[in-house]
>>> print(open('structure_32.txt').read())   # compact mmCIF, C-alpha atoms
# COMPACT_ATOMS: atom_id res chain seq x y z
CA MET A 1173 96.80 86.13 102.25
CA ASN A 1174 95.87 84.18 99.10
CA ALA A 1175 95.67 87.41 97.15
CA PHE A 1176 99.12 88.42 98.44
CA VAL A 1177 100.61 85.18 97.15
CA ALA A 1178 98.66 85.54 93.90
CA ILE A 1179 100.02 89.03 93.19
CA VAL A 1180 103.59 87.95 93.97
CA ARG A 1181 103.20 84.99 91.62
CA ARG A 1182 101.64 87.15 88.93
CA ASP A 1183 104.45 89.72 89.03
CA LEU A 1184 107.10 86.99 88.98
CA LEU A 1185 105.35 85.38 86.00
CA LEU A 1186 105.29 88.75 84.22
CA ALA A 1187 108.98 89.23 85.00
CA VAL A 1188 109.74 85.81 83.49
CA ARG A 1189 107.75 86.75 80.35
CA ARG A 1190 109.74 90.00 80.10
CA LYS A 1191 113.18 88.87 81.11
CA SER A 1192 114.93 91.81 79.44
CA GLU A 1193 113.75 94.31 82.05
CA VAL A 1194 115.12 92.29 84.95
CA LEU A 1195 118.33 91.36 83.15
CA THR A 1196 119.05 94.97 82.11
CA ALA A 1197 119.23 96.10 85.74
CA LEU A 1198 121.32 93.07 86.66
CA PHE A 1199 123.89 93.59 83.91
CA PHE A 1200 123.98 97.29 84.72
CA PHE A 1201 124.97 96.33 88.27
CA ILE A 1202 127.65 93.88 87.09
CA ILE A 1203 129.15 96.30 84.56
CA VAL A 1204 129.20 99.38 86.81
CA VAL A 1205 130.86 97.44 89.63
CA SER A 1206 133.38 95.87 87.26
CA LEU A 1207 134.37 99.18 85.67
CA PHE A 1208 135.92 100.55 88.85
CA PRO A 1209 138.76 98.01 89.31
CA LEU A 1210 139.51 98.41 85.60
CA GLY A 1211 139.62 102.19 85.82
CA ILE A 1212 141.48 102.52 89.11
CA GLY A 1213 144.06 99.81 88.58
CA PRO A 1214 145.20 96.85 90.65
CA GLU A 1215 145.92 98.32 94.03
CA PRO A 1216 144.42 95.96 96.62
CA ALA A 1217 144.45 98.37 99.56
CA LEU A 1218 142.60 101.10 97.66
CA LEU A 1219 140.13 98.65 96.09
CA ARG A 1220 139.31 97.14 99.48
CA LYS A 1221 138.64 100.61 100.81
CA ILE A 1222 136.27 101.69 98.04
CA ALA A 1223 134.54 98.32 97.55
CA PRO A 1224 131.59 98.74 99.96
CA GLY A 1225 130.71 102.20 98.65
CA ILE A 1226 130.87 101.18 95.01
CA LEU A 1227 128.85 98.00 95.48
CA TRP A 1228 126.19 99.89 97.39
CA VAL A 1229 125.95 102.86 95.01
CA ALA A 1230 125.70 100.44 92.07
CA ALA A 1231 122.95 98.55 93.92
CA LEU A 1232 121.01 101.78 94.50
CA LEU A 1233 121.23 102.77 90.84
CA ALA A 1234 120.35 99.27 89.61
CA THR A 1235 117.25 99.22 91.83
CA MET A 1236 116.27 102.67 90.52
CA LEU A 1237 116.33 101.45 86.91
CA GLY A 1238 113.20 99.34 87.11
CA LEU A 1239 111.39 101.46 89.67
CA SER A 1240 109.38 103.60 87.24
CA ARG A 1241 107.97 100.36 85.80
CA LEU A 1242 106.73 99.18 89.18
CA PHE A 1243 103.21 100.60 88.88
CA ALA A 1244 103.16 102.18 85.40
CA PRO A 1245 102.10 99.07 83.43
CA ASP A 1246 99.36 98.24 85.94
CA HIS A 1247 98.17 101.84 85.80
CA ALA A 1248 98.16 101.91 82.01
CA ASP A 1249 96.16 98.71 81.48
CA GLY A 1250 93.62 99.30 84.25
CA THR A 1251 94.85 96.52 86.55
CA LEU A 1252 95.53 99.06 89.29
CA GLU A 1253 91.87 100.15 89.17
CA GLN A 1254 90.78 96.55 89.55
CA MET A 1255 93.18 96.10 92.45
CA ALA A 1256 91.71 99.16 94.15
CA LEU A 1257 88.24 97.65 93.65
CA SER A 1258 89.23 94.20 94.83
CA PRO A 1259 87.66 92.82 98.02
CA THR A 1260 91.23 92.37 99.26
CA PRO A 1261 92.64 95.50 100.93
CA LEU A 1262 94.76 97.44 98.43
CA GLY A 1263 97.61 97.76 100.93
CA LEU A 1264 98.07 93.98 101.00
CA LEU A 1265 98.21 93.78 97.20
CA ILE A 1266 100.71 96.65 97.09
CA ALA A 1267 102.84 94.88 99.70
CA GLY A 1268 102.77 91.87 97.37
CA LYS A 1269 103.93 93.98 94.44
CA ILE A 1270 106.79 95.40 96.53
CA ALA A 1271 107.79 91.88 97.61
CA ALA A 1272 107.82 90.77 93.98
CA HIS A 1273 109.93 93.81 93.07
CA TRP A 1274 112.48 92.85 95.70
CA ILE A 1275 112.62 89.24 94.48
CA THR A 1276 113.27 90.35 90.89
CA ALA A 1277 115.39 93.48 91.49
CA GLY A 1278 116.95 93.12 94.96
CA LEU A 1279 117.59 89.44 95.59
CA PRO A 1280 119.72 88.92 92.43
CA LEU A 1281 121.96 91.79 93.58
CA VAL A 1282 122.41 90.14 96.98
CA LEU A 1283 123.39 86.88 95.30
CA LEU A 1284 125.76 88.51 92.80
CA ALA A 1285 127.49 90.86 95.22
CA PRO A 1286 129.91 88.32 96.78
CA VAL A 1287 131.09 87.26 93.32
CA LEU A 1288 131.69 90.87 92.32
CA GLY A 1289 133.27 91.61 95.69
CA ILE A 1290 136.13 89.23 94.88
CA GLN A 1291 137.32 91.76 92.28
CA PHE A 1292 137.94 94.16 95.15
CA ASP A 1293 140.00 91.70 97.16
CA LEU A 1294 137.43 91.45 99.98
CA ASP A 1295 137.98 88.49 102.31
CA THR A 1296 135.29 85.90 103.04
CA ASP A 1297 134.11 87.53 106.26
CA ALA A 1298 133.77 90.93 104.61
CA LEU A 1299 131.78 89.31 101.78
CA GLY A 1300 129.52 87.71 104.38
CA ILE A 1301 128.86 91.07 106.01
CA LEU A 1302 128.24 92.60 102.57
CA VAL A 1303 125.64 89.94 101.75
CA LEU A 1304 123.98 90.41 105.14
CA ALA A 1305 123.89 94.19 104.76
CA LEU A 1306 122.44 93.90 101.24
CA LEU A 1307 119.91 91.35 102.46
CA LEU A 1308 118.64 93.92 104.98
CA GLY A 1309 119.15 96.93 102.72
CA THR A 1310 117.71 95.92 99.34
CA PRO A 1311 114.15 95.33 100.66
CA LEU A 1312 114.45 98.83 102.11
CA LEU A 1313 115.32 100.15 98.65
CA SER A 1314 112.23 98.46 97.17
CA LEU A 1315 109.98 99.76 99.95
CA ILE A 1316 111.19 103.38 99.78
CA GLY A 1317 111.30 103.26 95.98
CA ALA A 1318 107.67 102.13 95.84
CA ILE A 1319 106.55 105.31 97.59
CA GLY A 1320 108.42 107.39 95.01
CA ALA A 1321 107.07 105.30 92.12
CA ALA A 1322 103.52 105.79 93.39
CA LEU A 1323 103.95 109.53 93.89
CA THR A 1324 105.31 110.07 90.37
CA LEU A 1325 102.79 107.76 88.70
CA GLY A 1326 101.22 109.41 85.67
CA VAL A 1327 103.48 112.48 85.95
CA ARG A 1328 105.14 113.55 82.69
CA GLY A 1329 108.90 113.09 82.92
CA GLY A 1330 108.27 111.05 86.02
CA GLY A 1331 111.44 108.99 85.57
CA VAL A 1332 113.82 111.86 86.32
CA LEU A 1333 111.61 113.20 89.08
CA LEU A 1334 111.58 109.72 90.62
CA SER A 1335 115.39 109.67 90.82
CA LEU A 1336 115.46 113.12 92.40
CA LEU A 1337 112.83 112.09 94.89
CA VAL A 1338 114.08 108.65 95.84
CA LEU A 1339 117.88 108.87 95.76
CA PRO A 1340 118.12 111.30 98.71
CA LEU A 1341 115.83 108.97 100.68
CA TYR A 1342 118.27 106.13 99.95
CA VAL A 1343 121.09 107.97 101.74
CA PRO A 1344 120.58 106.38 105.21
CA THR A 1345 120.49 102.91 103.66
CA LEU A 1346 123.69 103.69 101.77
CA ILE A 1347 125.49 105.03 104.85
CA PHE A 1348 124.60 102.15 107.14
CA GLY A 1349 124.92 99.48 104.43
CA ALA A 1350 128.34 100.53 103.21
CA GLY A 1351 129.31 101.45 106.76
CA ALA A 1352 128.72 97.91 108.02
CA VAL A 1353 131.27 96.48 105.58
CA GLU A 1354 133.75 99.31 106.22
CA MET A 1355 133.56 98.74 109.97
CA HIS A 1356 134.35 95.09 109.48
CA ILE A 1357 137.29 95.84 107.18
CA SER A 1358 138.78 98.24 109.72
CA GLY A 1359 138.48 95.55 112.39
CA LEU A 1360 135.43 96.82 114.28
CA SER A 1361 132.05 95.15 114.81
CA ALA A 1362 129.46 95.64 112.10
CA ALA A 1363 126.60 94.75 114.46
CA GLY A 1364 125.60 98.36 115.16
CA HIS A 1365 125.19 99.28 111.51
CA LEU A 1366 123.35 96.05 110.73
CA SER A 1367 120.97 96.61 113.65
CA LEU A 1368 120.21 100.11 112.39
CA LEU A 1369 119.54 98.74 108.91
CA ALA A 1370 117.20 96.13 110.41
CA ALA A 1371 115.42 98.83 112.41
CA LEU A 1372 114.97 100.97 109.28
CA LEU A 1373 113.64 97.92 107.46
CA ALA A 1374 111.11 97.21 110.21
CA VAL A 1375 109.82 100.79 110.11
CA ALA A 1376 109.69 100.87 106.30
CA ALA A 1377 107.97 97.48 106.05
CA PHE A 1378 105.20 98.86 108.22
CA PHE A 1379 104.80 102.36 106.75
CA ALA A 1380 105.88 102.10 103.11
CA PRO A 1381 103.00 99.93 101.81
CA TRP A 1382 100.56 102.22 103.59
CA ALA A 1383 102.12 105.42 102.17
CA THR A 1384 102.36 103.83 98.70
CA THR A 1385 98.68 102.87 98.82
CA ALA A 1386 97.67 106.40 99.79
CA ALA A 1387 99.71 107.84 96.91
CA LEU A 1388 98.23 105.34 94.45
CA ARG A 1389 94.68 106.22 95.48
CA ILE A 1390 95.43 109.85 94.63
CA ALA A 1391 96.94 108.84 91.29
CA LEU A 1392 93.81 106.81 90.47
CA GLU A 1393 91.38 109.70 90.91
CA MET B 510 76.46 120.57 79.80
CA SER B 511 76.16 121.81 83.34
CA SER B 512 72.59 120.92 84.13
CA ALA B 513 71.59 117.38 84.79
CA GLY B 514 68.21 115.80 84.50
CA ILE B 515 66.89 112.44 85.38
CA PHE B 516 64.26 110.81 83.25
CA ASP B 517 62.98 107.80 84.97
CA PHE B 518 60.60 106.34 82.45
CA GLY B 519 59.54 103.60 84.82
CA HIS B 520 58.66 101.09 82.14
CA ASN B 521 57.60 98.66 84.76
CA PRO B 522 55.89 100.15 87.81
CA ALA B 523 56.41 96.93 89.76
CA PHE B 524 60.16 97.57 89.79
CA SER B 525 59.98 101.06 91.18
CA LEU B 526 58.07 99.81 94.23
CA ARG B 527 61.10 97.89 95.44
CA PRO B 528 63.46 99.71 97.76
CA PRO B 529 66.57 100.73 95.85
CA MET B 530 69.80 98.85 96.70
CA LEU B 531 71.87 101.66 95.27
CA SER B 532 70.71 105.17 95.97
CA VAL B 533 72.40 108.30 94.80
CA THR B 534 71.47 111.71 96.16
CA ASP B 535 72.51 115.15 94.96
CA LEU B 536 75.67 113.96 93.30
CA SER B 537 77.87 116.56 91.63
CA CYS B 538 81.21 116.28 89.92
CA VAL B 539 83.78 118.96 89.21
CA ARG B 540 86.71 118.38 86.88
CA GLY B 541 89.21 121.20 86.88
CA GLU B 542 87.21 124.41 86.58
CA ARG B 543 84.20 122.77 84.98
CA ARG B 544 81.15 121.38 86.67
CA LEU B 545 80.25 118.23 84.77
CA PHE B 546 76.96 117.55 86.51
CA ALA B 547 75.19 118.54 89.70
CA GLY B 548 72.15 117.53 91.70
CA LEU B 549 72.10 114.04 90.27
CA SER B 550 69.80 111.67 92.14
CA PHE B 551 68.54 108.23 91.29
CA GLY B 552 67.92 104.84 92.81
CA LEU B 553 68.45 101.38 91.43
CA ALA B 554 66.68 98.32 92.78
CA ALA B 555 67.42 94.63 92.22
CA GLY B 556 66.51 93.58 88.70
CA GLU B 557 66.92 97.04 87.22
CA TRP B 558 69.53 98.45 84.90
CA LEU B 559 70.51 101.99 84.08
CA HIS B 560 71.64 103.36 80.75
CA VAL B 561 73.75 106.49 81.22
CA GLN B 562 73.57 108.69 78.13
CA GLY B 563 75.35 111.89 77.27
CA GLU B 564 77.64 113.54 74.78
CA ASN B 565 81.38 112.96 74.71
CA GLY B 566 82.86 114.73 77.70
CA ALA B 567 79.54 115.02 79.51
CA GLY B 568 80.96 113.13 82.47
CA LYS B 569 79.68 109.60 81.93
CA THR B 570 82.97 107.96 82.77
CA SER B 571 83.47 110.31 85.73
CA LEU B 572 80.04 109.31 87.02
CA LEU B 573 80.80 105.60 86.73
CA ARG B 574 84.15 106.01 88.45
CA ILE B 575 82.47 107.90 91.28
CA LEU B 576 79.80 105.20 91.57
CA ALA B 577 82.50 102.54 91.75
CA GLY B 578 84.26 104.49 94.50
CA LEU B 579 87.39 105.16 92.44
CA ALA B 580 86.87 108.92 92.46
CA GLN B 581 85.31 111.23 95.01
CA PRO B 582 82.30 113.36 94.11
CA ALA B 583 82.44 117.11 94.74
CA ASP B 584 79.19 116.74 96.62
CA GLY B 585 76.45 114.19 97.26
CA GLN B 586 76.13 110.72 98.64
CA ILE B 587 76.07 107.18 97.31
CA ARG B 588 74.52 104.48 99.46
CA TRP B 589 74.64 100.74 98.92
CA ARG B 590 72.05 98.82 100.96
CA GLY B 591 71.58 101.99 102.98
CA GLU B 592 75.24 102.48 103.91
CA PRO B 593 77.54 105.09 102.36
CA ILE B 594 79.96 103.25 100.06
CA GLY B 595 82.94 104.93 101.71
CA ASN B 596 82.15 103.04 104.93
CA LEU B 597 81.64 99.72 103.18
CA ALA B 598 84.85 99.64 101.10
CA GLU B 599 85.72 95.96 100.69
CA GLU B 600 82.15 94.74 101.35
CA TYR B 601 80.94 96.92 98.48
CA HIS B 602 83.79 95.78 96.24
CA ARG B 603 82.82 92.15 96.79
CA GLU B 604 79.43 92.84 95.17
CA LEU B 605 80.77 95.14 92.47
CA MET B 606 82.20 94.43 89.06
CA PHE B 607 83.67 97.48 87.35
CA LEU B 608 84.77 97.41 83.75
CA GLY B 609 86.55 100.58 82.65
CA HIS B 610 88.05 101.87 79.42
CA HIS B 611 91.13 99.80 80.01
CA GLY B 612 90.45 96.14 80.21
CA ALA B 613 92.80 95.27 83.06
CA VAL B 614 94.09 92.44 80.89
CA LYS B 615 97.81 91.67 81.05
CA GLU B 616 99.21 91.54 77.53
CA ASP B 617 102.02 89.16 78.43
CA LEU B 618 99.76 86.56 79.99
CA THR B 619 97.37 84.18 78.27
CA PRO B 620 93.59 84.66 78.51
CA LEU B 621 93.38 81.68 80.86
CA GLU B 622 96.08 83.06 83.18
CA ASN B 623 94.38 86.44 83.11
CA LEU B 624 91.06 84.95 84.18
CA LEU B 625 92.54 82.82 86.93
CA LEU B 626 94.69 85.65 88.32
CA ALA B 627 91.82 88.14 88.27
CA ALA B 628 89.74 85.62 90.21
CA GLN B 629 92.52 85.15 92.77
CA LEU B 630 92.80 88.90 93.29
CA ASP B 631 89.04 89.00 93.82
CA SER B 632 89.39 86.16 96.37
CA LEU B 633 87.19 84.07 94.15
CA ARG B 634 87.40 80.33 93.78
CA LEU B 635 87.73 79.54 90.10
CA ASP B 636 89.01 76.25 88.79
CA GLU B 637 90.68 75.92 85.44
CA ALA B 638 87.85 73.95 83.87
CA THR B 639 85.26 76.65 84.61
CA ALA B 640 87.59 79.36 83.32
CA LEU B 641 88.24 77.39 80.14
CA GLN B 642 84.53 76.86 79.67
CA ALA B 643 83.91 80.61 79.92
CA LEU B 644 86.61 81.33 77.34
CA VAL B 645 85.16 78.76 74.95
CA ARG B 646 81.71 80.26 75.46
CA PHE B 647 83.03 83.61 74.25
CA GLY B 648 84.66 82.18 71.17
CA LEU B 649 88.22 82.00 72.43
CA ARG B 650 88.63 78.27 71.91
CA GLY B 651 92.20 77.51 70.89
CA ARG B 652 93.36 80.98 72.01
CA GLU B 653 93.57 80.22 75.72
CA ASP B 654 97.32 79.53 75.59
CA LEU B 655 98.21 82.50 73.39
CA ALA B 656 99.55 85.71 74.95
CA VAL B 657 96.81 88.35 74.94
CA ARG B 658 99.23 90.61 73.04
CA CYS B 659 98.64 88.38 69.99
CA LEU B 660 94.85 88.75 70.09
CA SER B 661 92.78 91.35 68.24
CA ALA B 662 91.11 94.26 70.05
CA GLY B 663 87.75 92.51 69.89
CA GLN B 664 89.16 89.25 71.23
CA LYS B 665 90.73 91.15 74.13
CA ARG B 666 87.30 92.52 74.98
CA ARG B 667 85.93 88.99 74.82
CA VAL B 668 88.39 87.98 77.53
CA LEU B 669 86.72 90.65 79.66
CA LEU B 670 83.27 89.27 78.90
CA ALA B 671 84.46 85.88 80.08
CA ARG B 672 85.57 87.57 83.29
CA LEU B 673 82.14 89.15 83.65
CA ALA B 674 80.55 85.74 83.25
CA VAL B 675 82.62 83.99 85.92
CA ARG B 676 82.54 86.80 88.48
CA ASP B 677 79.56 86.56 90.75
CA ALA B 678 78.79 90.23 91.46
CA THR B 679 75.48 91.95 92.12
CA LEU B 680 76.21 95.35 90.60
CA TRP B 681 77.87 95.63 87.21
CA ILE B 682 79.27 99.01 86.24
CA LEU B 683 80.32 98.88 82.61
CA ASP B 684 81.93 101.75 80.74
CA GLU B 685 81.32 101.43 76.99
CA PRO B 686 81.21 97.62 77.11
CA PHE B 687 80.26 97.30 73.44
CA THR B 688 83.40 98.98 72.07
CA ALA B 689 85.32 96.88 69.53
CA LEU B 690 82.87 93.98 69.71
CA ASP B 691 81.47 92.32 66.60
CA VAL B 692 77.76 91.68 66.09
CA LYS B 693 77.91 88.22 67.64
CA ALA B 694 79.79 89.41 70.72
CA VAL B 695 77.38 92.34 71.15
CA GLU B 696 74.55 89.80 71.17
CA MET B 697 76.38 87.65 73.71
CA LEU B 698 77.03 90.61 76.00
CA SER B 699 73.43 91.83 75.74
CA GLY B 700 72.31 88.32 76.63
CA LEU B 701 74.71 88.25 79.56
CA ILE B 702 73.43 91.56 80.92
CA ALA B 703 69.80 90.55 80.37
CA ALA B 704 70.30 87.26 82.23
CA HIS B 705 72.12 89.06 85.04
CA VAL B 706 69.32 91.59 85.46
CA ALA B 707 66.62 88.93 85.19
CA ALA B 708 68.32 87.00 87.98
CA GLY B 709 67.99 90.01 90.28
CA GLY B 710 71.29 91.66 89.44
CA MET B 711 71.83 95.28 88.59
CA ALA B 712 73.78 96.98 85.83
CA ILE B 713 74.83 100.53 85.07
CA LEU B 714 76.34 101.11 81.67
CA THR B 715 77.25 103.75 79.17
CA SER B 716 76.83 103.13 75.48
CA HIS B 717 76.28 105.21 72.40
CA GLN B 718 74.28 102.40 70.85
CA SER B 719 70.60 102.00 71.59
CA MET B 720 70.25 99.11 73.96
CA PRO B 721 68.22 96.14 72.91
CA LEU B 722 67.35 95.32 76.53
CA PRO B 723 63.96 95.81 78.18
CA ASN B 724 63.15 97.51 81.48
CA GLY B 725 66.02 99.97 81.44
CA LYS B 726 66.08 103.28 83.22
CA VAL B 727 67.71 106.07 81.28
CA LEU B 728 69.85 108.77 82.82
CA LYS B 729 70.83 111.73 80.63
CA ILE B 730 73.69 113.91 81.77
>>> encode(input="structure_32.txt", output="structure tokens")
Amino acid sequence: MNAFVAIVRRDLLLAVRRKSEVLTALFFFIIVVSLFPLGIGPEPALLRKIAPGILWVAALLATMLGLSRLFAPDHADGTLEQMALSPTPLGLLIAGKIAAHWITAGLPLVLLAPVLGIQFDLDTDALGILVLALLLGTPLLSLIGAIGAALTLGVRGGGVLLSLLVLPLYVPTLIFGAGAVEMHISGLSAAGHLSLLAALLAVAAFFAPWATTAALRIALE
Amino acid sequence: MSSAGIFDFGHNPAFSLRPPMLSVTDLSCVRGERRLFAGLSFGLAAGEWLHVQGENGAGKTSLLRILAGLAQPADGQIRWRGEPIGNLAEEYHRELMFLGHHGAVKEDLTPLENLLLAAQLDSLRLDEATALQALVRFGLRGREDLAVRCLSAGQKRRVLLARLAVRDATLWILDEPFTALDVKAVEMLSGLIAAHVAAGGMAILTSHQSMPLPNGKVLKI
């Protein structure tokens, strides 16, 4: 467990030393979300209707931005080799890297979303559901994305391939995440969608680090 | 370079009487369509070191990566203390220190942070004072708080030597450890390896230089 904490701390420290990478994705999220009300015009009913979809699609794309850098630097400087040769199981270290990715790429989106949601005239309850859905959904994005990042590691033009590979896999997260907020807006209970998101998260938290590790071992050979 | 031969000069007959800790039988490696080496067998006992020689592209690095367990051989077996290394995994890694072409040093972190984090990933207890001492020993006094990015190539390699000195491993596998080192650092590294072997450790290394160390086995591939 010490090694897990160590790798999370290391990746957070590296993110602090290279703030630009984290901030780029964050500003991308803010700008994309803010462009829609400006382009569509001030029509509260329409904005309320499109808000969940736009916030979620922007969150998917913002998470994608940093994904190709999840393992590439460690692969390039040999750290990944050392991790594979560490007495700590590689899967645990990879889980740590995914956790750190969520803290730097997912958590800020969760915290920013309610502020951006105000632009779409969402009420407090809807914002609450949005935050809850993102809180369950963004770790899922990091977990699924890590598998794609590992599979495309060292592949030429891997960035584009990664998008093609990962974005379709994000579809269930998008449907249930945006769906939860939509249900609430139309006066129904969001509990079903949130439960499904939580179930997906539980499955991914178990399988994704394992699948990522297997893919990384192939990339290392 | 498809044939492989082993020349065990056996400088010291007393050594060869010991049972080998690491034994390699009938190892072969295929890269793409080419067979790099085949039928490679040797044993290494405590207090022995092996100098792997061969032309560029002969498969030295491939051999070391296979020995470390990073790559799979096309055929053959590697046993550590009588057990195949595939079965040992983390137990083998605990006793192994692998130094590849890439130094596994994070450019954005300082040498001290690099040392401490590497130790944490290896589940090693290393306090700051010991780490500092190791850095000073390898001529990095006053550089411990500078990002590694600002150091010269040789100084980066010295950070690795410090890592070698603090890590308590039985088997050292070093790929071209003398690259980019100045005369003084070469001396320090030779001394380090000699002391390690004299204390009952083992080392396998590739180098185009002639090694100033006694009692080495030579493997030509």
>>> residues_around(input="structure_32.txt", residues="segment 1190-1196 of chain A", least_positions_apart="6", cutoff="12 Å", atoms="all atoms listed in the file", output="list of chain:residue names")
A:Asp1183, A:Leu1184, A:Ile1202, A:Ile1203, A:Leu1233, A:Ala1234, A:Thr1235, A:Met1236, A:Leu1237, A:Gly1238, A:Leu1239, A:Ser1240, A:Arg1241, A:Leu1242, A:Ala1272, A:His1273, A:Trp1274, A:Ile1275, A:Thr1276, A:Ala1277, A:Gly1278, A:Leu1279, A:Pro1280, A:Leu1281, B:Glu616, B:Asp617, B:Leu618
>>> write_last_selection(input="structure_32.txt", atoms="C-alpha atoms", output="short mmCIF file (atom, residue, chain, number, x, y, z; two decimals), keeping the file's coordinate frame")
data_model
loop_
_atom_site.label_atom_id
_atom_site.label_comp_id
_atom_site.auth_asym_id
_atom_site.auth_seq_id
_atom_site.Cartn_x
_atom_site.Cartn_y
_atom_site.Cartn_z
CA ASP A 1183 104.45 89.72 89.03
CA LEU A 1184 107.10 86.99 88.98
CA ILE A 1202 127.65 93.88 87.09
CA ILE A 1203 129.15 96.30 84.56
CA LEU A 1233 121.23 102.77 90.84
CA ALA A 1234 120.35 99.27 89.61
CA THR A 1235 117.25 99.22 91.83
CA MET A 1236 116.27 102.67 90.52
CA LEU A 1237 116.33 101.45 86.91
CA GLY A 1238 113.20 99.34 87.11
CA LEU A 1239 111.39 101.46 89.67
CA SER A 1240 109.38 103.60 87.24
CA ARG A 1241 107.97 100.36 85.80
CA LEU A 1242 106.73 99.18 89.18
CA ALA A 1272 107.82 90.77 93.98
CA HIS A 1273 109.93 93.81 93.07
CA TRP A 1274 112.48 92.85 95.70
CA ILE A 1275 112.62 89.24 94.48
CA THR A 1276 113.27 90.35 90.89
CA ALA A 1277 115.39 93.48 91.49
CA GLY A 1278 116.95 93.12 94.96
CA LEU A 1279 117.59 89.44 95.59
CA PRO A 1280 119.72 88.92 92.43
CA LEU A 1281 121.96 91.79 93.58
CA GLU B 616 99.21 91.54 77.53
CA ASP B 617 102.02 89.16 78.43
CA LEU B 618 99.76 86.56 79.99
#
>>> residues_around(input="structure_32.txt", residues="Gly700 of chain B", least_positions_apart="5", cutoff="9 Å", atoms="all atoms listed in the file", output="number ranges by chain")
B: 695, 705, 722
>>> interface_residues(input="structure_32.txt", of="chain B", to="chain A", cutoff="10 Å", atoms="only C-alpha atoms", output="ChimeraX atom specification")
/B:571,574-575,577-581,598-618,622-623,625-633,656
>>> atom_distance(input="structure_32.txt", atom1="atom CA of Gly568 of chain B", atom2="atom CA of Ala689 of chain B")
21.2 Å
>>> atom_distance(input="structure_32.txt", atom1="atom CA of Arg540 of chain B", atom2="atom CA of Ala583 of chain B")
9.0 Å
>>> closest_residue(input="structure_32.txt", among="B:Gly648, B:Gly663, B:Pro686, B:Gly541", to="Ser699 of chain B", atoms="all atoms listed in the file")
B:Pro686
>>> closest_residue(input="structure_32.txt", among="B:Leu559, B:Thr619, B:Leu714, B:Arg672", to="Asp684 of chain B", atoms="all atoms listed in the file")
B:Leu714
>>> axis_aligned_box(input="structure_32.txt", around="segment 532-547 of chain B", padding_each_side="5 Å", output="JSON")
{"center_x": 80.0, "center_y": 114.8, "center_z": 90.5, "size_x": 28.5, "size_y": 29.2, "size_z": 21.4}
>>> closest_residue(input="structure_32.txt", among="A:Ile1226, A:Ala1391, A:Leu1369, A:Ala1383", to="Gln1291 of chain A", atoms="only C-alpha atoms")
A:Ile1226
>>> residues_around(input="structure_32.txt", residues="segment 1213-1220 of chain A", least_positions_apart="5", cutoff="7 Å", atoms="only C-alpha atoms", output="CSV table (one decimal) with C-alpha atoms, keeping the file's coordinate frame")
chain,number,residue,atom,x,y,z
A,1292,PHE,CA,137.9,94.2,95.2
A,1293,ASP,CA,140.0,91.7,97.2
A,1294,LEU,CA,137.4,91.4,100.0
>>> decode(input="structure_32.txt", residues="segment 633-641 of chain B", atoms="N, CA, C and O atoms", output="PDB file, in the first residue's frame")
ATOM      1  N   LEU B 633      11.453   0.065  -0.222  1.00  0.00           N
ATOM      2  CA  LEU B 633      12.721   0.115   0.487  1.00  0.00           C
ATOM      3  C   LEU B 633      12.662   1.260   1.495  1.00  0.00           C
ATOM      4  O   LEU B 633      12.121   2.313   1.182  1.00  0.00           O
ATOM      5  N   ARG B 634      13.205   1.031   2.675  1.00  0.00           N
ATOM      6  CA  ARG B 634      13.268   2.131   3.623  1.00  0.00           C
ATOM      7  C   ARG B 634      14.529   2.932   3.354  1.00  0.00           C
ATOM      8  O   ARG B 634      15.624   2.412   3.403  1.00  0.00           O
ATOM      9  N   LEU B 635      14.344   4.197   3.039  1.00  0.00           N
ATOM     10  CA  LEU B 635      15.500   5.045   2.749  1.00  0.00           C
ATOM     11  C   LEU B 635      15.217   6.412   3.351  1.00  0.00           C
ATOM     12  O   LEU B 635      14.255   7.068   2.973  1.00  0.00           O
ATOM     13  N   ASP B 636      16.041   6.812   4.322  1.00  0.00           N
ATOM     14  CA  ASP B 636      15.789   8.144   4.877  1.00  0.00           C
ATOM     15  C   ASP B 636      16.579   9.177   4.091  1.00  0.00           C
ATOM     16  O   ASP B 636      17.498   8.851   3.336  1.00  0.00           O
ATOM     17  N   GLU B 637      16.188  10.422   4.276  1.00  0.00           N
ATOM     18  CA  GLU B 637      16.736  11.488   3.461  1.00  0.00           C
ATOM     19  C   GLU B 637      18.238  11.630   3.645  1.00  0.00           C
ATOM     20  O   GLU B 637      18.965  11.890   2.689  1.00  0.00           O
ATOM     21  N   ALA B 638      18.699  11.415   4.876  1.00  0.00           N
ATOM     22  CA  ALA B 638      20.126  11.596   5.158  1.00  0.00           C
ATOM     23  C   ALA B 638      20.964  10.600   4.357  1.00  0.00           C
ATOM     24  O   ALA B 638      21.981  10.963   3.761  1.00  0.00           O
ATOM     25  N   THR B 639      20.528   9.338   4.329  1.00  0.00           N
ATOM     26  CA  THR B 639      21.268   8.313   3.584  1.00  0.00           C
ATOM     27  C   THR B 639      21.273   8.633   2.094  1.00  0.00           C
ATOM     28  O   THR B 639      22.305   8.483   1.414  1.00  0.00           O
ATOM     29  N   ALA B 640      20.112   9.081   1.592  1.00  0.00           N
ATOM     30  CA  ALA B 640      20.009   9.406   0.173  1.00  0.00           C
ATOM     31  C   ALA B 640      20.947  10.566  -0.165  1.00  0.00           C
ATOM     32  O   ALA B 640      21.663  10.528  -1.170  1.00  0.00           O
ATOM     33  N   LEU B 641      20.947  11.571   0.700  1.00  0.00           N
ATOM     34  CA  LEU B 641      21.821  12.728   0.486  1.00  0.00           C
ATOM     35  C   LEU B 641      23.278  12.309   0.463  1.00  0.00           C
ATOM     36  O   LEU B 641      24.058  12.734  -0.387  1.00  0.00           O
TER      37      LEU B 641
END
